[in-house]
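This is run_18.cif (mmCIF, C-alpha atoms).
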```cif
data_final
#
loop_
_atom_site.label_atom_id
_atom_site.label_comp_id
_atom_site.auth_asym_id
_atom_site.auth_seq_id
_atom_site.Cartn_x
_atom_site.Cartn_y
_atom_site.Cartn_z
CA MET J 106 -42.03 14.10 20.27
CA LYS J 107 -42.12 11.33 17.69
CA THR J 108 -39.89 13.38 15.34
CA ARG J 109 -37.46 13.97 18.18
CA ASN J 110 -37.23 10.25 18.89
CA VAL J 111 -36.61 9.54 15.20
CA SER J 112 -33.87 12.20 15.17
CA ILE J 113 -32.19 10.67 18.20
CA LEU J 114 -32.40 7.21 16.60
CA LEU J 115 -30.93 8.53 13.33
CA ALA J 116 -28.11 10.29 15.19
CA ALA J 117 -27.33 7.10 17.11
CA ILE J 118 -27.25 5.07 13.87
CA LEU J 119 -24.92 7.66 12.30
CA VAL J 120 -22.55 7.52 15.28
CA ILE J 121 -22.47 3.70 15.19
CA VAL J 122 -21.94 3.58 11.42
CA GLY J 123 -19.25 6.26 11.70
CA ALA J 124 -17.43 4.33 14.40
CA VAL J 125 -17.56 1.13 12.33
CA VAL J 126 -16.30 2.87 9.17
CA ALA J 127 -13.56 4.71 11.06
CA GLY J 128 -12.46 1.58 12.85
CA SER J 129 -11.93 -1.07 10.19
CA GLY J 130 -8.63 -2.88 10.67
CA ARG J 131 -7.36 -4.68 13.71
CA SER J 132 -4.88 -3.93 16.42
CA SER J 133 -1.72 -6.02 16.10
CA SER J 134 -2.64 -7.65 19.37
CA GLU J 135 -5.91 -8.97 17.86
CA ILE J 136 -4.16 -10.89 15.05
CA PRO J 137 -2.99 -14.22 16.48
CA ALA J 138 0.78 -14.63 16.65
CA PRO J 139 2.24 -16.82 13.87
CA PRO J 140 3.13 -20.40 14.84
CA ALA J 141 6.73 -20.95 15.90
CA ILE J 142 9.18 -22.24 13.32
CA GLY J 143 9.13 -26.04 13.65
CA ALA J 144 5.43 -26.16 14.59
CA THR J 145 3.17 -28.60 12.73
CA ILE J 146 0.54 -26.98 10.53
CA GLU J 147 -2.82 -28.76 10.71
CA GLU J 148 -4.48 -30.02 7.55
CA PHE J 149 -7.14 -27.65 6.19
CA THR J 150 -9.73 -27.42 3.42
CA LEU J 151 -10.63 -24.18 1.64
CA PRO J 152 -12.63 -23.34 -1.49
CA ASP J 153 -10.80 -22.61 -4.73
CA VAL J 154 -11.73 -19.70 -7.01
CA ASP J 155 -14.53 -21.83 -8.55
CA GLY J 156 -16.03 -22.51 -5.13
CA HIS J 157 -14.90 -26.17 -4.95
CA ASP J 158 -13.49 -27.33 -1.64
CA ARG J 159 -9.84 -28.31 -1.93
CA ALA J 160 -8.00 -30.21 0.80
CA PHE J 161 -4.43 -29.08 1.49
CA LYS J 162 -3.25 -32.72 1.35
CA SER J 163 -4.50 -33.01 -2.24
CA LEU J 164 -2.46 -29.97 -3.34
CA LYS J 165 0.71 -30.15 -1.28
CA GLY J 166 4.09 -31.08 -2.70
CA LYS J 167 5.98 -34.27 -1.83
CA ASN J 168 8.93 -32.26 -0.54
CA GLY J 169 7.10 -29.26 0.76
CA THR J 170 4.62 -26.51 0.03
CA VAL J 171 4.82 -22.74 -0.11
CA LEU J 172 1.64 -20.95 1.00
CA ILE J 173 1.61 -17.31 -0.05
CA PHE J 174 -1.06 -14.86 1.08
CA ILE J 175 -1.76 -12.70 -1.95
CA ALA J 176 -4.15 -9.93 -2.98
CA VAL J 177 -5.82 -8.54 -6.07
CA GLN J 178 -5.37 -4.82 -5.36
CA CYS J 179 -2.19 -4.68 -3.30
CA PRO J 180 0.64 -3.21 -5.40
CA VAL J 181 3.25 -5.01 -3.29
CA SER J 182 1.61 -8.39 -3.88
CA ASN J 183 1.24 -7.54 -7.56
CA ALA J 184 4.92 -6.57 -7.76
CA TYR J 185 5.67 -10.23 -6.93
CA ASN J 186 3.31 -11.89 -9.45
CA GLU J 187 6.04 -12.88 -11.90
CA ARG J 188 8.39 -13.95 -9.10
CA MET J 189 5.69 -16.12 -7.49
CA GLU J 190 4.80 -17.80 -10.79
CA LYS J 191 8.50 -18.41 -11.55
CA LEU J 192 8.92 -19.88 -8.06
CA ALA J 193 6.06 -22.31 -8.70
CA GLU J 194 7.51 -23.32 -12.09
CA ASP J 195 11.10 -23.66 -10.80
CA TYR J 196 10.22 -25.86 -7.83
CA GLN J 197 7.48 -28.03 -9.30
CA ALA J 198 10.02 -30.57 -10.59
CA LYS J 199 11.65 -30.58 -7.15
CA GLY J 200 8.42 -31.71 -5.49
CA VAL J 201 7.57 -28.33 -3.93
CA ALA J 202 4.10 -26.90 -4.61
CA VAL J 203 3.06 -23.25 -4.43
CA ILE J 204 -0.47 -22.35 -3.29
CA GLY J 205 -1.81 -18.82 -3.23
CA ILE J 206 -4.23 -17.88 -0.45
CA ASN J 207 -6.52 -14.89 -0.79
CA ALA J 208 -7.92 -13.93 2.64
CA ASN J 209 -9.10 -10.43 1.69
CA ALA J 210 -12.81 -9.93 2.31
CA SER J 211 -12.68 -7.26 -0.41
CA ASP J 212 -11.62 -9.77 -3.12
CA ASP J 213 -14.43 -12.15 -4.16
CA ALA J 214 -13.65 -15.50 -5.84
CA ALA J 215 -14.59 -14.30 -9.34
CA THR J 216 -12.29 -11.27 -9.02
CA VAL J 217 -9.45 -13.46 -7.74
CA LYS J 218 -9.94 -15.86 -10.68
CA ALA J 219 -9.96 -13.03 -13.24
CA HIS J 220 -6.91 -11.41 -11.63
CA ALA J 221 -4.95 -14.69 -11.72
CA ALA J 222 -5.80 -15.16 -15.40
CA THR J 223 -4.77 -11.59 -16.26
CA LYS J 224 -1.50 -11.79 -14.32
CA GLY J 225 -0.58 -15.30 -15.52
CA LEU J 226 -0.74 -16.95 -12.10
CA LYS J 227 -1.13 -20.66 -12.85
CA PHE J 228 -0.57 -22.07 -9.35
CA PRO J 229 -3.76 -22.93 -7.40
CA ILE J 230 -5.34 -20.12 -5.40
CA LEU J 231 -7.68 -20.75 -2.49
CA LYS J 232 -10.08 -18.32 -0.85
CA ASP J 233 -10.00 -17.97 2.93
CA PRO J 234 -13.37 -16.28 3.41
CA ALA J 235 -13.58 -16.41 7.21
CA ASN J 236 -9.80 -15.86 7.68
CA LYS J 237 -9.56 -19.22 9.45
CA LEU J 238 -6.22 -20.07 7.84
CA ALA J 239 -4.94 -16.48 8.12
CA ASP J 240 -5.73 -16.54 11.84
CA LYS J 241 -4.20 -20.01 12.29
CA LEU J 242 -0.97 -18.86 10.59
CA GLY J 243 -1.01 -15.35 12.06
CA ALA J 244 -0.89 -13.91 8.54
CA SER J 245 -1.23 -10.14 8.56
CA LYS J 246 -0.21 -8.88 5.14
CA THR J 247 0.27 -9.56 1.44
CA PRO J 248 2.52 -10.98 0.24
CA GLU J 249 3.41 -13.22 3.18
CA ALA J 250 4.93 -16.67 2.65
CA TYR J 251 5.07 -19.88 4.66
CA PHE J 252 7.24 -22.85 3.64
CA ILE J 253 6.01 -26.14 5.08
CA ASP J 254 7.88 -29.44 4.60
CA GLY J 255 6.33 -32.72 3.42
CA ASN J 256 5.36 -33.54 7.02
CA ASN J 257 3.57 -30.20 7.52
CA LYS J 258 6.38 -28.74 9.64
CA LEU J 259 6.75 -24.96 9.31
CA LEU J 260 10.30 -24.20 8.14
CA TYR J 261 10.11 -20.58 6.98
CA HIS J 262 7.78 -17.62 7.48
CA GLY J 263 7.96 -14.14 6.02
CA ARG J 264 8.92 -12.23 2.94
CA ILE J 265 9.71 -13.58 -0.50
CA ASP J 266 12.82 -11.38 -0.74
CA ASN J 267 14.01 -7.99 0.51
CA SER J 268 12.68 -5.71 -2.23
CA GLN J 269 9.54 -5.07 -4.25
CA ASN J 270 11.87 -3.87 -6.99
CA PRO J 271 13.34 -6.95 -8.72
CA ASP J 272 16.53 -4.99 -9.53
CA ALA J 273 17.21 -4.35 -5.84
CA ILE J 274 17.01 -7.94 -4.53
CA GLU J 275 19.92 -8.69 -2.24
CA SER J 276 18.42 -11.42 -0.08
CA ASN J 277 16.35 -14.15 -1.71
CA ASP J 278 15.10 -15.44 1.63
CA LEU J 279 12.28 -17.77 0.57
CA ARG J 280 14.27 -19.51 -2.18
CA GLN J 281 17.29 -19.85 0.12
CA ALA J 282 15.08 -21.47 2.78
CA ILE J 283 13.60 -23.96 0.26
CA ASP J 284 17.03 -24.78 -1.21
CA SER J 285 18.51 -25.36 2.24
CA ALA J 286 15.63 -27.65 3.22
CA LEU J 287 15.83 -29.61 -0.05
CA GLY J 288 19.60 -29.94 0.42
CA GLY J 289 19.14 -31.22 3.97
CA LYS J 290 20.84 -28.14 5.45
CA PRO J 291 19.64 -25.96 8.31
CA ILE J 292 17.79 -22.82 7.24
CA GLU J 293 19.99 -19.86 8.07
CA LYS J 294 17.20 -17.28 8.29
CA PRO J 295 13.84 -18.98 9.01
CA GLU J 296 11.98 -15.66 9.44
CA ALA J 297 12.30 -12.40 7.52
CA LYS J 298 10.09 -9.30 7.31
CA ALA J 299 9.16 -6.74 4.68
CA PHE J 300 6.42 -4.17 4.25
CA GLY J 301 3.13 -5.20 2.68
CA CYS J 302 -0.58 -4.45 2.53
CA SER J 303 -2.62 -5.42 5.59
CA ILE J 304 -5.03 -8.31 4.96
CA LYS J 305 -8.59 -6.94 4.78
CA ARG J 306 -10.11 -9.40 7.24
CA ALA J 307 -13.77 -10.38 7.17
CA MET Z 1132 -54.25 42.48 1.03
CA ARG Z 1133 -52.54 42.13 -2.36
CA PHE Z 1134 -50.41 45.25 -1.65
CA SER Z 1135 -49.29 43.93 1.68
CA HIS Z 1136 -48.47 40.56 0.06
CA ASN Z 1137 -46.31 42.28 -2.56
CA LEU Z 1138 -44.64 44.38 0.11
CA LEU Z 1139 -43.81 41.24 2.04
CA SER Z 1140 -42.32 39.63 -1.07
CA VAL Z 1141 -40.15 42.68 -1.81
CA GLY Z 1142 -39.07 42.79 1.80
CA LEU Z 1143 -38.08 39.13 1.69
CA ILE Z 1144 -36.07 39.60 -1.50
CA VAL Z 1145 -34.22 42.60 -0.01
CA LEU Z 1146 -33.51 40.62 3.15
CA LEU Z 1147 -32.17 37.62 1.20
CA ALA Z 1148 -30.10 39.89 -1.02
CA SER Z 1149 -28.57 41.58 2.02
CA PHE Z 1150 -27.34 38.13 3.18
CA ALA Z 1151 -26.20 37.05 -0.25
CA VAL Z 1152 -24.11 40.13 -1.15
CA PRO Z 1153 -21.70 40.03 1.81
CA ALA Z 1154 -21.42 36.25 1.44
CA GLN Z 1155 -20.49 36.67 -2.20
CA ARG Z 1156 -18.02 39.42 -1.32
CA LYS Z 1157 -16.57 37.26 1.41
CA SER Z 1158 -16.12 34.30 -0.94
CA ARG Z 1159 -14.45 36.52 -3.54
CA THR Z 1160 -12.14 37.90 -0.86
CA ALA Z 1161 -11.43 34.38 0.37
CA ARG Z 1162 -10.61 33.26 -3.15
CA ARG Z 1163 -8.27 36.18 -3.65
CA ALA Z 1164 -6.59 35.73 -0.26
CA LYS Z 1165 -6.14 31.96 -0.61
CA PRO Z 1166 -2.43 31.24 -0.15
CA ALA Z 1167 -0.55 29.03 -2.58
CA PRO Z 1168 -0.31 25.45 -1.22
CA ALA Z 1169 2.78 25.13 0.96
CA LYS Z 1170 5.61 23.06 -0.47
CA VAL Z 1171 5.95 19.88 1.52
CA SER Z 1172 9.42 18.48 1.90
CA VAL Z 1173 10.05 14.85 2.74
CA GLU Z 1174 13.27 13.84 4.44
CA ALA Z 1175 14.98 10.47 3.92
CA ILE Z 1176 15.51 8.49 7.12
CA ASN Z 1177 17.54 5.31 7.68
CA THR Z 1178 17.10 2.67 10.38
CA ASP Z 1179 19.59 4.26 12.82
CA ALA Z 1180 17.95 7.69 12.53
CA LEU Z 1181 14.53 6.06 12.95
CA LYS Z 1182 15.71 4.39 16.18
CA VAL Z 1183 16.95 7.77 17.48
CA LEU Z 1184 13.69 9.46 16.50
CA ILE Z 1185 11.66 6.93 18.47
CA ALA Z 1186 13.97 6.61 21.47
CA LYS Z 1187 15.09 10.21 22.02
CA PRO Z 1188 13.89 11.86 25.24
CA LYS Z 1189 10.57 13.61 24.70
CA ASP Z 1190 8.56 16.12 26.65
CA LYS Z 1191 5.33 14.97 25.01
CA PRO Z 1192 3.87 11.83 23.39
CA LEU Z 1193 4.97 10.88 19.87
CA LEU Z 1194 2.62 9.57 17.21
CA VAL Z 1195 4.20 7.78 14.24
CA SER Z 1196 2.25 6.78 11.16
CA PHE Z 1197 3.76 4.34 8.65
CA TRP Z 1198 2.12 4.65 5.25
CA ALA Z 1199 2.65 4.57 1.48
CA THR Z 1200 0.99 6.19 -1.51
CA TRP Z 1201 0.37 2.69 -2.94
CA CYS Z 1202 -1.63 1.66 0.15
CA ASP Z 1203 -5.39 2.33 -0.19
CA PRO Z 1204 -6.28 2.33 3.54
CA CYS Z 1205 -3.27 4.61 4.16
CA ARG Z 1206 -4.62 7.20 1.73
CA ASP Z 1207 -8.10 6.72 3.13
CA GLU Z 1208 -7.08 7.37 6.74
CA PHE Z 1209 -4.88 10.39 5.99
CA PRO Z 1210 -7.55 13.10 6.36
CA ASP Z 1211 -8.32 11.72 9.84
CA LEU Z 1212 -4.64 11.86 10.77
CA VAL Z 1213 -4.38 15.44 9.52
CA LYS Z 1214 -7.34 16.37 11.76
CA ILE Z 1215 -5.67 14.70 14.74
CA ASP Z 1216 -2.46 16.58 13.92
CA LYS Z 1217 -4.31 19.91 13.82
CA ASP Z 1218 -6.08 19.15 17.11
CA TYR Z 1219 -3.05 18.12 19.15
CA ARG Z 1220 0.27 19.24 17.62
CA PRO Z 1221 2.48 21.01 18.62
CA GLN Z 1222 1.07 21.82 22.09
CA SER Z 1223 0.38 18.30 23.33
CA LEU Z 1224 1.80 15.87 20.78
CA ASP Z 1225 4.65 15.28 18.34
CA PHE Z 1226 3.52 13.59 15.15
CA VAL Z 1227 5.65 12.30 12.26
CA THR Z 1228 4.74 10.30 9.18
CA ILE Z 1229 7.08 7.75 7.62
CA SER Z 1230 6.47 6.79 4.02
CA LEU Z 1231 7.47 3.37 2.71
CA ASP Z 1232 7.40 4.48 -0.90
CA GLU Z 1233 10.36 4.09 -3.22
CA VAL Z 1234 13.18 6.61 -2.68
CA ALA Z 1235 12.59 7.77 -6.26
CA ASP Z 1236 9.22 9.16 -5.09
CA ILE Z 1237 10.66 11.39 -2.34
CA LYS Z 1238 10.34 14.57 -4.40
CA THR Z 1239 7.33 13.60 -6.49
CA SER Z 1240 4.30 11.50 -5.51
CA VAL Z 1241 4.94 11.50 -1.74
CA PRO Z 1242 5.10 15.32 -1.22
CA ALA Z 1243 2.35 15.75 -3.83
CA PHE Z 1244 0.00 13.55 -1.78
CA LEU Z 1245 0.95 15.23 1.52
CA SER Z 1246 0.39 18.63 -0.05
CA GLN Z 1247 -3.00 17.53 -1.36
CA MET Z 1248 -3.89 16.36 2.16
CA LYS Z 1249 -2.67 19.70 3.62
CA ALA Z 1250 -0.44 17.62 5.91
CA THR Z 1251 2.10 19.76 7.73
CA MET Z 1252 3.57 17.28 10.23
CA PRO Z 1253 7.26 16.33 9.73
CA ALA Z 1254 7.39 13.80 6.90
CA TYR Z 1255 10.04 11.14 6.34
CA LEU Z 1256 10.61 8.37 3.81
CA LEU Z 1257 12.40 5.21 4.91
CA ASP Z 1258 15.52 4.83 2.77
CA VAL Z 1259 16.85 1.31 3.41
CA LYS Z 1260 17.87 -1.71 1.32
CA ASP Z 1261 16.54 -4.16 3.89
CA PRO Z 1262 13.33 -3.12 5.70
CA GLU Z 1263 13.52 -5.79 8.41
CA PRO Z 1264 15.81 -3.99 10.94
CA ALA Z 1265 13.54 -0.92 10.78
CA ILE Z 1266 10.37 -3.00 11.31
CA ASN Z 1267 11.92 -4.78 14.30
CA ALA Z 1268 13.25 -1.49 15.73
CA VAL Z 1269 9.71 -0.13 15.78
CA ASP Z 1270 8.08 -3.26 17.21
CA PRO Z 1271 9.42 -6.84 17.05
CA ARG Z 1272 5.79 -8.10 16.91
CA TRP Z 1273 4.97 -5.98 13.86
CA GLN Z 1274 5.14 -7.92 10.58
CA GLY Z 1275 5.37 -4.80 8.39
CA ASP Z 1276 1.70 -4.58 7.37
CA LEU Z 1277 0.49 -1.11 6.39
CA PRO Z 1278 -0.87 1.24 7.48
CA ALA Z 1279 0.50 1.05 11.00
CA THR Z 1280 0.15 3.63 13.75
CA PHE Z 1281 2.22 3.73 16.94
CA LEU Z 1282 1.80 6.07 19.91
CA TYR Z 1283 4.78 6.40 22.26
CA ASN Z 1284 4.84 7.98 25.69
CA ALA Z 1285 7.61 10.38 26.76
CA LYS Z 1286 9.75 7.40 27.83
CA GLY Z 1287 9.60 5.96 24.31
CA GLU Z 1288 7.30 3.06 25.25
CA ILE Z 1289 4.52 1.98 22.86
CA ILE Z 1290 1.23 2.91 24.52
CA TYR Z 1291 -1.07 2.21 21.56
CA LYS Z 1292 -0.63 0.51 18.20
CA HIS Z 1293 -2.91 -0.29 15.32
CA VAL Z 1294 -2.45 -1.99 11.96
CA GLY Z 1295 -4.93 -1.41 9.16
CA ARG Z 1296 -6.97 1.74 8.72
CA VAL Z 1297 -6.67 3.80 11.88
CA ASN Z 1298 -9.51 3.73 14.42
CA THR Z 1299 -9.82 7.45 15.12
CA VAL Z 1300 -12.05 7.03 18.18
CA GLU Z 1301 -9.57 4.65 19.82
CA LEU Z 1302 -6.54 6.71 18.80
CA ARG Z 1303 -7.99 9.97 20.11
CA GLU Z 1304 -8.89 8.25 23.39
CA ALA Z 1305 -5.31 6.95 23.73
CA ILE Z 1306 -3.86 10.42 23.02
CA GLU Z 1307 -6.23 12.12 25.49
CA LYS Z 1308 -5.36 9.56 28.17
CA LEU Z 1309 -1.63 10.14 27.65
CA ILE Z 1310 -1.96 13.91 27.68
CA LYS Z 1311 -4.01 13.88 30.89
CA ASN Z 1312 -1.43 11.70 32.65
#
```

Could you show the structure in this file as structure tokens?
Amino acid sequence: MKTRNVSILLAAILVIVGAVVAGSGRSSSEIPAPPAIGATIEEFTLPDVDGHDRAFKSLKGKNGTVLIFIAVQCPVSNAYNERMEKLAEDYQAKGVAVIGINANASDDAATVKAHAATKGLKFPILKDPANKLADKLGASKTPEAYFIDGNNKLLYHGRIDNSQNPDAIESNDLRQAIDSALGGKPIEKPEAKAFGCSIKRA
Amino acid sequence: MRFSHNLLSVGLIVLLASFAVPAQRKSRTARRAKPAPAKVSVEAINTDALKVLIAKPKDKPLLVSFWATWCDPCRDEFPDLVKIDKDYRPQSLDFVTISLDEVADIKTSVPAFLSQMKATMPAYLLDVKDPEPAINAVDPRWQGDLPATFLYNAKGEIIYKHVGRVNTVELREAIEKLIKN
């Protein structure tokens, strides 16, 4: 009788574990919708890769900030490493900062730090361990970019450009959005999509 | 006593051997009869053809899986999708996979992976310069995160969708519900 009870308990545990393993990931409907273009993004504080809390206001650029959700393992995110670093270097003098956000539960801070060093990413990278920022911004994949002006107004959301392959870029959407904003012009395409790796939420 | 013990041992050995020999024969036969893995062909599809594929009149539900060989959870979920395919297609369900790999991989890594998975459902690879129109054609709320699974009813309406590694329990429930209706 006792053995039977243990068997039933074990079977139940197996079923539960199986369901959890089979069901990681979230339905699109469970990820909050991204804020509308023009919405104000609230100030936030997240830990950097050394575990020190960093306030957004201490990192943001005078003329705007690009937040990019990135990943260690995602080949799409990695295909953009050089382009993201070049973006940060090109726009630093123009008062636009680039901040990387790693919201993957599968990437711990030490791994993110080592990855950034290996790939030559010199812009600051923050960890979003409870996906609070990812949920607030409706971020679902890597890479996924948000351009916010100096007053925290969201001006652009989406892809960096149209192709993972640098030789096939035809639409440099993020740079065009920043250039338009810096030039005081309306942003022609404030949202643009591409394929990427789903964020491995906590 | 000792004699009967020995007799019992011999009897047991003979009995075990009688099970083992046919099993061995069977496995040899199975090895010999094993067919060569089928060649999987992957067809290029553009945004217009994708729209037609989703919207065309159907007599059964359509399951569409967007994936890529570079996507870990996509590779991880594939055996589950192959099982679902075997359980429901072609009697109750149409099922197609759409790879987001580079066009250069259409005859190499994509069919190689599908072949390894023993996947026999129709396989496509999205061949577009700009992925956005295709993403919006599938679902304007989808941001393009992979893997992504969409289940359409016969009218072409999305009945179930999931981003990230597929939840097989949920997906099977959604398919069963559609089939019963």

- Note on the structure: Of J:Ala215, J:Ala307, J:Ile253, J:Ala297, the one nearest to chain Z when counting only C-alpha atoms is J:Ala297

- Message: Distance limit 8 Å, atoms considered: all atoms listed in the file. Which chain Z residues sit that close to chain J? Return them as a list in words.
- Response: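 The selection requested is Trp1201, Cys1202, Leu1231, Lys1260, Asp1261, Pro1262, Glu1263, Ile1266, Arg1272, Trp1273, Gln1274, Gly1275, Asp1276, Leu1277, Pro1278, Lys1292, His1293, Val1294, Gly1295, Arg1296, Val1297, Asn1298, Thr1299 and Val1300 of chain Z.
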
File dump, residues just selected, C-alpha atoms, as a short mmCIF file (atom, residue, chain, number, x, y, z; two decimals), in the frame of the given file:
```cif
data_model
loop_
_atom_site.label_atom_id
_atom_site.label_comp_id
_atom_site.auth_asym_id
_atom_site.auth_seq_id
_atom_site.Cartn_x
_atom_site.Cartn_y
_atom_site.Cartn_z
CA TRP Z 1201 0.37 2.69 -2.94
CA CYS Z 1202 -1.63 1.66 0.15
CA LEU Z 1231 7.47 3.37 2.71
CA LYS Z 1260 17.87 -1.71 1.32
CA ASP Z 1261 16.54 -4.16 3.89
CA PRO Z 1262 13.33 -3.12 5.70
CA GLU Z 1263 13.52 -5.79 8.41
CA ILE Z 1266 10.37 -3.00 11.31
CA ARG Z 1272 5.79 -8.10 16.91
CA TRP Z 1273 4.97 -5.98 13.86
CA GLN Z 1274 5.14 -7.92 10.58
CA GLY Z 1275 5.37 -4.80 8.39
CA ASP Z 1276 1.70 -4.58 7.37
CA LEU Z 1277 0.49 -1.11 6.39
CA PRO Z 1278 -0.87 1.24 7.48
CA LYS Z 1292 -0.63 0.51 18.20
CA HIS Z 1293 -2.91 -0.29 15.32
CA VAL Z 1294 -2.45 -1.99 11.96
CA GLY Z 1295 -4.93 -1.41 9.16
CA ARG Z 1296 -6.97 1.74 8.72
CA VAL Z 1297 -6.67 3.80 11.88
CA ASN Z 1298 -9.51 3.73 14.42
CA THR Z 1299 -9.82 7.45 15.12
CA VAL Z 1300 -12.05 7.03 18.18
#
```

- Non-local contacts of region 1215-1230 of chain Z (6 Å; all atoms listed in the file; under 5 positions in same chain excluded) as a PyMOL selection string: chain Z and resi 1191-1199+1252-1256

How would you write, as a PDB file with C-alpha atoms, keeping the file's coordinate frame, the residues chosen by the PyMOL selection byres ((chain J and resi 167) around 10) on this structure?
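Printed below is part_37.pdb as written:
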```
ATOM      1  CA  LYS J 162      -3.250 -32.720   1.350  1.00  0.00           C
ATOM      2  CA  LEU J 164      -2.460 -29.970  -3.340  1.00  0.00           C
ATOM      3  CA  LYS J 165       0.710 -30.150  -1.280  1.00  0.00           C
ATOM      4  CA  GLY J 166       4.090 -31.080  -2.700  1.00  0.00           C
ATOM      5  CA  ASN J 168       8.930 -32.260  -0.540  1.00  0.00           C
ATOM      6  CA  GLY J 169       7.100 -29.260   0.760  1.00  0.00           C
ATOM      7  CA  THR J 170       4.620 -26.510   0.030  1.00  0.00           C
ATOM      8  CA  GLN J 197       7.480 -28.030  -9.300  1.00  0.00           C
ATOM      9  CA  LYS J 199      11.650 -30.580  -7.150  1.00  0.00           C
ATOM     10  CA  GLY J 200       8.420 -31.710  -5.490  1.00  0.00           C
ATOM     11  CA  VAL J 201       7.570 -28.330  -3.930  1.00  0.00           C
ATOM     12  CA  ALA J 202       4.100 -26.900  -4.610  1.00  0.00           C
ATOM     13  CA  ASP J 254       7.880 -29.440   4.600  1.00  0.00           C
ATOM     14  CA  GLY J 255       6.330 -32.720   3.420  1.00  0.00           C
ATOM     15  CA  ASN J 256       5.360 -33.540   7.020  1.00  0.00           C
TER      16      ASN J 256
END
```

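The two atoms in question, CA of Leu231 (chain J) and CA of Pro295 (chain J), are spaced 24.5 Å apart.
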
- Enter the distance from CA of Glu148 (chain J) to CA of Ala219 (chain J), in Å, rounded to one decimal. 27.4 Å

- Query: What is the distance between CA of Lys218 (chain J) and CA of His262 (chain J), in Å to one decimal?
  - Reply: 25.4 Å

- Task: I need the residue set behind the PyMOL selection byres ((chain Z and resi 1239-1246) around 9) for this file; please write it as a list in words.
- Result: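 Output of the PyMOL selection byres ((chain Z and resi 1239-1246) around 9): Pro1168, Ala1169, Lys1170, Val1171, Ser1172, Val1173, Ala1199, Thr1200, Arg1206, Phe1209, Ser1230, Asp1232, Ala1235, Asp1236, Ile1237, Lys1238, Gln1247, Met1248, Lys1249, Ala1250, Thr1251, Ala1254 and Leu1256 of chain Z.
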
- Applied to this file, what does the PyMOL selection byres ((chain Z and resi 1282) around 6) return in terms of residues, put as an MDAnalysis selection string? chainID Z and resid 1193:1194 1281 1283 1289:1291

Supply region 236-247 of chain J as a PDB file, keeping the file's coordinate frame, with N, CA and C atoms built in where the input has gaps.
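So the final result, stored in part_6.pdb, reads:
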```pdb
ATOM      1  N   ASN J 236     -11.159 -16.097   7.137  1.00  0.00           N
ATOM      2  CA  ASN J 236      -9.800 -15.860   7.680  1.00  0.00           C
ATOM      3  C   ASN J 236      -9.345 -16.944   8.651  1.00  0.00           C
ATOM      4  N   LYS J 237      -9.931 -18.154   8.502  1.00  0.00           N
ATOM      5  CA  LYS J 237      -9.560 -19.220   9.450  1.00  0.00           C
ATOM      6  C   LYS J 237      -8.081 -19.571   9.309  1.00  0.00           C
ATOM      7  N   LEU J 238      -7.629 -19.715   8.049  1.00  0.00           N
ATOM      8  CA  LEU J 238      -6.220 -20.070   7.840  1.00  0.00           C
ATOM      9  C   LEU J 238      -5.314 -18.886   8.197  1.00  0.00           C
ATOM     10  N   ALA J 239      -5.738 -17.677   7.798  1.00  0.00           N
ATOM     11  CA  ALA J 239      -4.940 -16.480   8.120  1.00  0.00           C
ATOM     12  C   ALA J 239      -4.758 -16.352   9.631  1.00  0.00           C
ATOM     13  N   ASP J 240      -5.825 -16.626  10.375  1.00  0.00           N
ATOM     14  CA  ASP J 240      -5.730 -16.540  11.840  1.00  0.00           C
ATOM     15  C   ASP J 240      -4.833 -17.658  12.380  1.00  0.00           C
ATOM     16  N   LYS J 241      -4.991 -18.867  11.816  1.00  0.00           N
ATOM     17  CA  LYS J 241      -4.200 -20.010  12.290  1.00  0.00           C
ATOM     18  C   LYS J 241      -2.701 -19.767  12.057  1.00  0.00           C
ATOM     19  N   LEU J 242      -2.389 -19.102  10.920  1.00  0.00           N
ATOM     20  CA  LEU J 242      -0.970 -18.860  10.590  1.00  0.00           C
ATOM     21  C   LEU J 242      -0.496 -17.487  11.038  1.00  0.00           C
ATOM     22  N   GLY J 243      -1.393 -16.704  11.625  1.00  0.00           N
ATOM     23  CA  GLY J 243      -1.010 -15.350  12.060  1.00  0.00           C
ATOM     24  C   GLY J 243      -0.620 -14.471  10.890  1.00  0.00           C
ATOM     25  N   ALA J 244      -1.220 -14.708   9.736  1.00  0.00           N
ATOM     26  CA  ALA J 244      -0.890 -13.910   8.540  1.00  0.00           C
ATOM     27  C   ALA J 244      -1.505 -12.530   8.669  1.00  0.00           C
ATOM     28  N   SER J 245      -0.706 -11.493   8.396  1.00  0.00           N
ATOM     29  CA  SER J 245      -1.230 -10.140   8.560  1.00  0.00           C
ATOM     30  C   SER J 245      -1.161  -9.304   7.289  1.00  0.00           C
ATOM     31  N   LYS J 246      -0.385  -9.748   6.312  1.00  0.00           N
ATOM     32  CA  LYS J 246      -0.210  -8.880   5.140  1.00  0.00           C
ATOM     33  C   LYS J 246      -0.039  -9.691   3.854  1.00  0.00           C
ATOM     34  N   THR J 247      -0.030  -8.952   2.730  1.00  0.00           N
ATOM     35  CA  THR J 247       0.270  -9.560   1.440  1.00  0.00           C
ATOM     36  C   THR J 247       1.440  -8.824   0.814  1.00  0.00           C
TER      37      THR J 247
END
```
